[in-house]
Every structure is written in structure tokens, then in C-alpha cells.
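Undergrad: Sharing data02.cif (mmCIF, C-alpha atoms) below.
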data_model
#
loop_
_atom_site.group_PDB
_atom_site.id
_atom_site.type_symbol
_atom_site.label_atom_id
_atom_site.label_comp_id
_atom_site.auth_asym_id
_atom_site.auth_seq_id
_atom_site.Cartn_x
_atom_site.Cartn_y
_atom_site.Cartn_z
ATOM 1 C CA MET A 1 62.780 -125.150 -32.997
ATOM 2 C CA ALA A 2 64.274 -127.601 -35.425
ATOM 3 C CA ASP A 3 64.989 -131.210 -36.160
ATOM 4 C CA LEU A 4 67.820 -132.984 -37.894
ATOM 5 C CA VAL A 5 66.873 -136.042 -39.938
ATOM 6 C CA VAL A 6 69.497 -138.568 -40.991
ATOM 7 C CA ARG A 7 68.196 -141.063 -43.550
ATOM 8 C CA VAL A 8 69.818 -143.938 -45.373
ATOM 9 C CA PRO A 9 69.512 -143.411 -49.175
ATOM 10 C CA ASP A 10 67.688 -145.898 -51.385
ATOM 11 C CA ASP A 11 70.960 -147.096 -52.939
ATOM 12 C CA TYR A 12 72.634 -147.668 -49.557
ATOM 13 C CA ASN A 13 74.937 -150.685 -49.638
ATOM 14 C CA TRP A 14 73.652 -152.767 -46.723
ATOM 15 C CA SER A 15 76.087 -155.574 -47.447
ATOM 16 C CA GLN A 16 79.131 -153.312 -47.148
ATOM 17 C CA PHE A 17 81.315 -154.242 -44.179
ATOM 18 C CA GLY A 18 80.944 -151.591 -41.492
ATOM 19 C CA ALA A 19 77.618 -150.252 -42.778
ATOM 20 C CA THR A 20 76.169 -148.368 -39.837
ATOM 21 C CA GLY A 21 72.818 -147.073 -41.046
ATOM 22 C CA ALA A 22 71.536 -143.808 -39.556
ATOM 23 C CA ILE A 23 72.443 -144.148 -35.868
ATOM 24 C CA ILE A 24 76.214 -143.642 -36.041
ATOM 25 C CA PRO A 25 76.030 -140.614 -38.386
ATOM 26 C CA MET A 26 73.419 -139.104 -36.066
ATOM 27 C CA THR A 27 75.778 -139.626 -33.117
ATOM 28 C CA ASP A 28 78.472 -137.841 -35.092
ATOM 29 C CA ALA A 29 76.080 -134.962 -35.806
ATOM 30 C CA ILE A 30 75.164 -134.635 -32.108
ATOM 31 C CA ASN A 31 78.844 -134.562 -31.129
ATOM 32 C CA ARG A 32 79.539 -131.876 -33.700
ATOM 33 C CA ILE A 33 76.593 -129.773 -32.533
ATOM 34 C CA ASN A 34 77.682 -130.211 -28.923
ATOM 35 C CA HIS A 35 81.113 -128.800 -29.794
ATOM 36 C CA ILE A 36 79.760 -125.582 -31.325
ATOM 37 C CA PRO A 37 80.999 -122.791 -29.022
ATOM 38 C CA LEU A 38 78.108 -120.953 -27.356
ATOM 39 C CA PRO A 39 78.597 -117.523 -25.766
ATOM 40 C CA ARG A 40 77.389 -116.631 -22.291
ATOM 41 C CA ARG A 41 76.667 -113.110 -23.495
ATOM 42 C CA PRO A 42 74.349 -112.992 -25.318
ATOM 43 C CA LEU A 43 72.880 -115.935 -23.403
ATOM 44 C CA THR A 44 72.726 -118.809 -25.899
ATOM 45 C CA SER A 45 71.978 -122.519 -25.598
ATOM 46 C CA ILE A 46 71.009 -125.578 -27.628
ATOM 47 C CA VAL A 47 68.465 -127.816 -25.910
ATOM 48 C CA PHE A 48 68.255 -131.422 -27.133
ATOM 49 C CA GLY A 49 64.663 -132.519 -26.577
ATOM 50 C CA MET A 50 64.015 -135.854 -28.280
ATOM 51 C CA ILE A 51 65.824 -138.441 -30.340
ATOM 52 C CA HIS A 52 64.426 -141.503 -32.051
ATOM 53 C CA GLY A 53 65.357 -143.912 -34.806
ATOM 54 C CA GLY A 54 65.115 -147.496 -35.975
ATOM 55 C CA PHE A 55 62.370 -150.000 -35.219
ATOM 56 C CA THR A 56 63.986 -153.222 -34.000
ATOM 57 C CA TYR A 57 67.102 -154.577 -32.308
ATOM 58 C CA ARG A 58 68.395 -156.648 -35.208
ATOM 59 C CA ASN A 59 68.002 -154.273 -38.169
ATOM 60 C CA ILE A 60 70.182 -151.316 -39.067
ATOM 61 C CA ALA A 61 68.208 -148.100 -38.634
ATOM 62 C CA ARG A 62 67.091 -146.520 -41.884
ATOM 63 C CA GLN A 63 66.345 -143.152 -40.261
ATOM 64 C CA ALA A 64 67.158 -141.231 -37.079
ATOM 65 C CA THR A 65 65.771 -137.871 -35.949
ATOM 66 C CA ILE A 66 66.750 -135.458 -33.215
ATOM 67 C CA ASN A 67 64.473 -132.605 -32.140
ATOM 68 C CA PHE A 68 66.039 -129.597 -30.482
ATOM 69 C CA GLU A 69 65.616 -125.918 -29.716
ATOM 70 C CA VAL A 70 68.169 -123.148 -30.171
ATOM 71 C CA ARG A 71 67.792 -120.276 -27.724
ATOM 72 C CA SER A 72 69.559 -116.931 -27.761
ATOM 73 C CA GLU A 73 69.069 -113.322 -26.779
ATOM 74 C CA SER A 74 70.638 -112.305 -30.106
ATOM 75 C CA THR A 75 69.065 -112.612 -33.557
ATOM 76 C CA GLU A 76 72.541 -112.459 -35.092
ATOM 77 C CA MET A 77 73.643 -115.419 -32.990
ATOM 78 C CA LEU A 78 70.564 -117.398 -34.058
ATOM 79 C CA ASP A 79 71.406 -116.707 -37.710
ATOM 80 C CA LYS A 80 75.007 -117.782 -37.143
ATOM 81 C CA LEU A 81 73.972 -121.004 -35.409
ATOM 82 C CA SER A 82 71.507 -121.763 -38.185
ATOM 83 C CA ARG A 83 74.351 -121.662 -40.713
ATOM 84 C CA GLN A 84 76.609 -123.767 -38.488
ATOM 85 C CA LEU A 85 73.918 -126.397 -37.970
ATOM 86 C CA ASP A 86 73.320 -126.580 -41.719
ATOM 87 C CA ASP A 87 77.073 -127.051 -42.205
ATOM 88 C CA VAL A 88 77.007 -129.929 -39.693
ATOM 89 C CA ALA A 89 74.197 -131.639 -41.608
ATOM 90 C CA ASN A 90 75.973 -131.261 -44.950
ATOM 91 C CA ASP A 91 79.308 -132.446 -43.548
ATOM 92 C CA VAL A 92 77.810 -135.534 -41.887
ATOM 93 C CA ALA A 93 75.971 -136.430 -45.097
ATOM 94 C CA ALA A 94 79.103 -136.078 -47.192
ATOM 95 C CA ASN A 95 81.314 -138.126 -44.869
ATOM 96 C CA ALA A 96 78.867 -140.910 -43.997
ATOM 97 C CA GLY A 97 77.178 -141.403 -47.355
ATOM 98 C CA VAL A 98 73.719 -140.699 -45.935
ATOM 99 C CA GLN A 99 71.097 -138.011 -46.348
ATOM 100 C CA ALA A 100 71.033 -135.414 -43.577
ATOM 101 C CA LYS A 101 68.578 -132.522 -43.552
ATOM 102 C CA LEU A 102 68.108 -129.698 -41.077
ATOM 103 C CA ASN A 103 64.475 -128.584 -40.753
ATOM 104 C CA ILE A 104 63.785 -125.300 -38.966
ATOM 105 C CA PHE A 105 60.017 -125.211 -38.491
ATOM 106 C CA ALA A 106 59.547 -122.531 -35.821
ATOM 107 C CA ARG A 107 61.539 -119.353 -35.494
ATOM 108 C CA ARG A 108 61.103 -115.869 -34.138
ATOM 109 C CA GLN A 109 63.175 -112.772 -33.610
ATOM 110 C CA SER A 110 65.015 -112.624 -30.324
ATOM 111 C CA GLY A 111 63.726 -110.371 -27.607
ATOM 112 C CA GLY A 112 60.695 -110.127 -25.396
ATOM 113 C CA LEU A 113 59.159 -107.986 -22.718
ATOM 114 C CA ASP A 114 61.571 -105.804 -20.814
ATOM 115 C CA ILE A 115 61.680 -106.284 -17.069
ATOM 116 C CA SER A 116 60.223 -102.776 -16.720
ATOM 117 C CA HIS A 117 57.160 -103.620 -18.845
ATOM 118 C CA PRO A 118 53.883 -103.048 -16.916
ATOM 119 C CA MET A 119 52.792 -106.669 -17.374
ATOM 120 C CA VAL A 120 56.114 -108.006 -16.123
ATOM 121 C CA ARG A 121 55.990 -105.649 -13.157
ATOM 122 C CA GLN A 122 52.501 -106.824 -12.247
ATOM 123 C CA VAL A 123 53.488 -110.488 -12.509
ATOM 124 C CA ARG A 124 56.569 -109.904 -10.366
ATOM 125 C CA ALA A 125 54.435 -108.060 -7.818
ATOM 126 C CA VAL A 126 52.103 -111.065 -7.595
ATOM 127 C CA HIS A 127 55.112 -113.368 -7.280
ATOM 128 C CA ASP A 128 56.652 -111.229 -4.540
ATOM 129 C CA ALA A 129 53.378 -111.198 -2.604
ATOM 130 C CA MET A 130 53.166 -114.995 -2.823
ATOM 131 C CA GLY A 131 56.848 -115.721 -2.265
ATOM 132 C CA ILE A 132 57.323 -117.137 -5.778
ATOM 133 C CA LYS A 133 60.695 -116.746 -7.501
ATOM 134 C CA SER A 134 60.377 -115.605 -11.120
ATOM 135 C CA MET A 135 62.537 -117.352 -13.732
ATOM 136 C CA LEU A 136 63.888 -115.524 -16.790
ATOM 137 C CA TYR A 137 65.344 -117.405 -19.772
ATOM 138 C CA PRO A 138 65.031 -117.313 -23.580
ATOM 139 C CA THR A 139 62.822 -119.854 -25.330
ATOM 140 C CA THR A 140 61.234 -120.296 -28.749
ATOM 141 C CA SER A 141 58.257 -122.552 -28.198
ATOM 142 C CA ALA A 142 56.352 -120.980 -25.324
ATOM 143 C CA LEU A 143 55.400 -117.534 -26.587
ATOM 144 C CA ALA A 144 56.553 -117.414 -30.216
ATOM 145 C CA CYS A 145 53.067 -116.833 -31.693
ATOM 146 C CA PHE A 146 52.371 -113.948 -29.310
ATOM 147 C CA ALA A 147 55.758 -112.305 -29.801
ATOM 148 C CA GLU A 148 55.424 -112.533 -33.592
ATOM 149 C CA ARG A 149 52.147 -110.578 -33.403
ATOM 150 C CA LYS A 150 53.512 -108.042 -30.881
ATOM 151 C CA ILE A 151 51.120 -109.270 -28.170
ATOM 152 C CA PRO A 152 52.567 -108.830 -24.653
ATOM 153 C CA ALA A 153 52.671 -112.206 -22.906
ATOM 154 C CA VAL A 154 54.360 -114.066 -20.068
ATOM 155 C CA THR A 155 54.578 -117.749 -19.175
ATOM 156 C CA LEU A 156 53.172 -118.858 -15.814
ATOM 157 C CA GLY A 157 53.945 -122.163 -14.139
ATOM 158 C CA LEU A 158 50.983 -123.649 -12.289
ATOM 159 C CA THR A 159 52.740 -126.379 -10.312
ATOM 160 C CA THR A 160 56.028 -128.157 -9.726
ATOM 161 C CA GLY A 161 57.219 -131.438 -11.178
ATOM 162 C CA VAL A 162 58.906 -134.449 -9.658
ATOM 163 C CA ARG A 163 61.295 -136.741 -11.506
ATOM 164 C CA ARG A 164 62.019 -139.839 -9.476
ATOM 165 C CA GLY A 165 64.978 -141.983 -10.415
ATOM 166 C CA GLU A 166 62.804 -145.067 -10.873
ATOM 167 C CA LEU A 167 60.378 -143.306 -13.225
ATOM 168 C CA GLY A 168 60.874 -142.637 -16.900
ATOM 169 C CA GLU A 169 60.335 -139.118 -18.234
ATOM 170 C CA PRO A 170 56.858 -139.884 -19.653
ATOM 171 C CA GLU A 171 55.848 -140.928 -16.128
ATOM 172 C CA GLU A 172 56.970 -137.757 -14.361
ATOM 173 C CA ALA A 173 54.673 -136.623 -11.578
ATOM 174 C CA VAL A 174 53.292 -133.170 -10.794
ATOM 175 C CA SER A 175 52.388 -131.846 -7.375
ATOM 176 C CA ILE A 176 48.634 -131.454 -6.878
ATOM 177 C CA PRO A 177 48.875 -129.324 -3.664
ATOM 178 C CA ALA A 178 51.197 -126.860 -5.426
ATOM 179 C CA MET A 179 48.488 -126.219 -8.025
ATOM 180 C CA TRP A 180 46.511 -124.202 -5.481
ATOM 181 C CA SER A 181 49.317 -121.653 -5.354
ATOM 182 C CA GLY A 182 49.678 -121.806 -9.136
ATOM 183 C CA LEU A 183 45.987 -121.124 -9.711
ATOM 184 C CA THR A 184 46.021 -118.350 -7.098
ATOM 185 C CA GLN A 185 48.939 -116.816 -8.977
ATOM 186 C CA LEU A 186 46.968 -117.019 -12.244
ATOM 187 C CA VAL A 187 43.934 -115.317 -10.707
ATOM 188 C CA GLY A 188 46.158 -112.608 -9.238
ATOM 189 C CA VAL A 189 47.793 -111.920 -12.598
ATOM 190 C CA LEU A 190 44.417 -111.780 -14.385
ATOM 191 C CA LEU A 191 43.088 -109.312 -11.803
ATOM 192 C CA ALA A 192 46.219 -107.215 -12.211
ATOM 193 C CA MET A 193 45.783 -107.213 -15.993
ATOM 194 C CA ASP A 194 42.150 -106.119 -15.616
ATOM 195 C CA ALA A 195 43.251 -103.279 -13.344
ATOM 196 C CA MET A 196 45.866 -102.223 -15.894
ATOM 197 C CA ASP A 197 43.209 -102.187 -18.632
ATOM 198 C CA GLU A 198 40.824 -100.095 -16.520
ATOM 199 C CA LYS A 199 43.567 -97.549 -15.843
ATOM 200 C CA GLY A 200 44.399 -97.391 -19.536
ATOM 201 C CA VAL A 201 47.977 -98.517 -19.093
ATOM 202 C CA ASP A 202 49.751 -98.922 -22.417
ATOM 203 C CA GLU A 203 50.940 -102.553 -22.584
ATOM 204 C CA LYS A 204 52.702 -102.386 -25.927
#
Go through the file and emit its structure as C-alpha cells.

TA:
Amino acid sequence: MADLVVRVPDDYNWSQFGATGAIIPMTDAINRINHIPLPRRPLTSIVFGMIHGGFTYRNIARQATINFEVRSESTEMLDKLSRQLDDVANDVAANAGVQAKLNIFARRQSGGLDISHPMVRQVRAVHDAMGIKSMLYPTTSALACFAERKIPAVTLGLTTGVRRGELGEPEEAVSIPAMWSGLTQLVGVLLAMDAMDEKGVDEK
């Protein structure tokens, strides 16, 4: 997980014709990031999560920030993307006369539980029994602290979401009836984990 902060320096010439503040350089940075080639194998993606900047309609923005997550099945690819993203920040700063800084504040080695891991098998068995389709994809935020400490873990969804066209993202709705299945799933997984512990199954 990372953010890119574009900030207007203290000696920025606001009176200069064509002065754009932080918004236009940030747009340039996003375009550059979006043009970084990402391989399908290993599965790699850059997820733009949030962007914010400025404080009023009539003033040039002094600062803009974008928050994003880089996902990959390869540690080498993550290292490569980290260098490329830093190059983007430095290039935008040099060309636009602003300050641009890449902050990587959460990172872990790629990898996770294999599909043959006992915990994954138990979760999939619960899903199969309930008619739930498991979803597999790399992420940094969900289980980073567990993975770093070599603690086996999986992410469970408890309900489904609804995004109506007339609603903004902060007003997204979740399905209450679907929670019954989600909670049943959770109980089933916990019972399966207890059974694994009683049988002395090695989970590591």
C-alpha cells in the first residue's frame, strides 16, 4: 500500500501564467502510472483507491494525494514496480516544478497459503457445501500482518454489496439477508478449524 503526494513548494510562483498547482501534475503522475506495463503472469495489478486535493473551487490546489495498492504474485515484480513508481514521482517533480513523494507504508512478501493447505481445503469444503464460490486474488491490506508472522489466515466475506447508480460510494448498501449465509459460513469455518486442531493437523 502506498500513496503519492504532490505538493506545491513554498517558493511556488503563483502569479506565473499557466501555474497549475498540484492537480495537473498529479494527473500526469496517474497517467504515467497507468501506462506502466503489467504482466498477466505473474498476476499483477495497481488498484487506485482514493484521490483528494485542494479545498475550494477558486484556489489552486497546494497539495494532491492518491492512495493506491500494488498487487502481485511476484516479489521481484513488486520491487520493480516500486522503482518505477519512484521514477514517476521524481520525473513529475522535475518537469512540473513541484514536490512529489512516494510513500510506501505497508508491504509484505508475495505469496500466501497454497490451495492444498488444510485451512484452505476446509474453507473450500464449507463453501462447496453452501454453494459459495471462492475468490482468489493477491492483496496487501487484508492479511499482511498475519502473513508477516507466518500465521495461516484466509479472508471471509460475510455479505454482498450493492452499488446503485444514484448512490455515491460512501452510501453503498449491504445485503442484510445475505449475512445469514455469511455468518453460517464463519461458524462452519471455525468448527472446521477446531476439528483440525483436535486432530493435530499441522497448519503451518

Undergrad: Written as a PyMOL selection string, what is the full residue list that the PyMOL selection byres ((chain A and resi 102) around 12) yields on the file shown?

TA: chain A and resi 1-7+26+29+65-68+81-93+99-101+103-105

Undergrad: Distance atom CA of A:His52-atom CA of A:Glu69, one decimal place?

TA: 15.8 Å

Undergrad: Given the file shown, determine the residues that the PyMOL selection byres ((chain A and resi 151-160) around 9) selects; report them as number ranges by chain.

TA: A: 112-113, 119-120, 123, 142-143, 145-150, 161-162, 173-186, 203-204

Undergrad: Can you work out the spacing between atom CA of A:Pro118 and atom CA of A:Leu190 in Å, to one decimal?

TA: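 Going from atom CA of A:Pro118 over to atom CA of A:Leu190, I get 13.1 Å.
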
Undergrad: Could you tell me how far atom CA of A:Arg62 sits from atom CA of A:Asp10, in Å to one decimal place?

TA: 9.5 Å

Undergrad: Would you pick out the contacts of stretch 44-46 of chain A at 8 Å or less, using all atoms listed in the file, so that residues sharing its chain but fewer than 3 positions from it are not included, and give the list as a list of chain:residue names?

TA: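 So the residues in contact are A:Leu38, A:Pro39, A:Arg40, A:Arg41, A:Phe68, A:Glu69, A:Val70, A:Arg71, A:Ser72, A:Glu73, A:Met77.
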
Undergrad: Of the candidates A:Gly188, A:Ile24, A:Arg58, A:Ile33, which shows the shortest atom-to-atom distance to A:Met130, using only C-alpha atoms?

TA: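 With only C-alpha atoms as the atom set, the closest residue is A:Gly188.
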
Undergrad: Which residue is closest to A:Phe55? Choose from A:Met196, A:Ile23, A:Pro42, A:His35 and count all atoms listed in the file.

TA: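 Checking each of A:Met196, A:Ile23, A:Pro42, A:His35 against A:Phe55, counting all atoms listed in the file, the winner is A:Ile23.
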
Undergrad: Hey, can I get the axis-aligned box for stretch 3-12 of chain A? All listed atoms, 4 Å padding on each side, centre and edge lengths in Å to one decimal, as JSON.

TA:
{"center_x": 68.8, "center_y": -139.4, "center_z": -44.5, "size_x": 15.6, "size_y": 24.5, "size_z": 24.8}
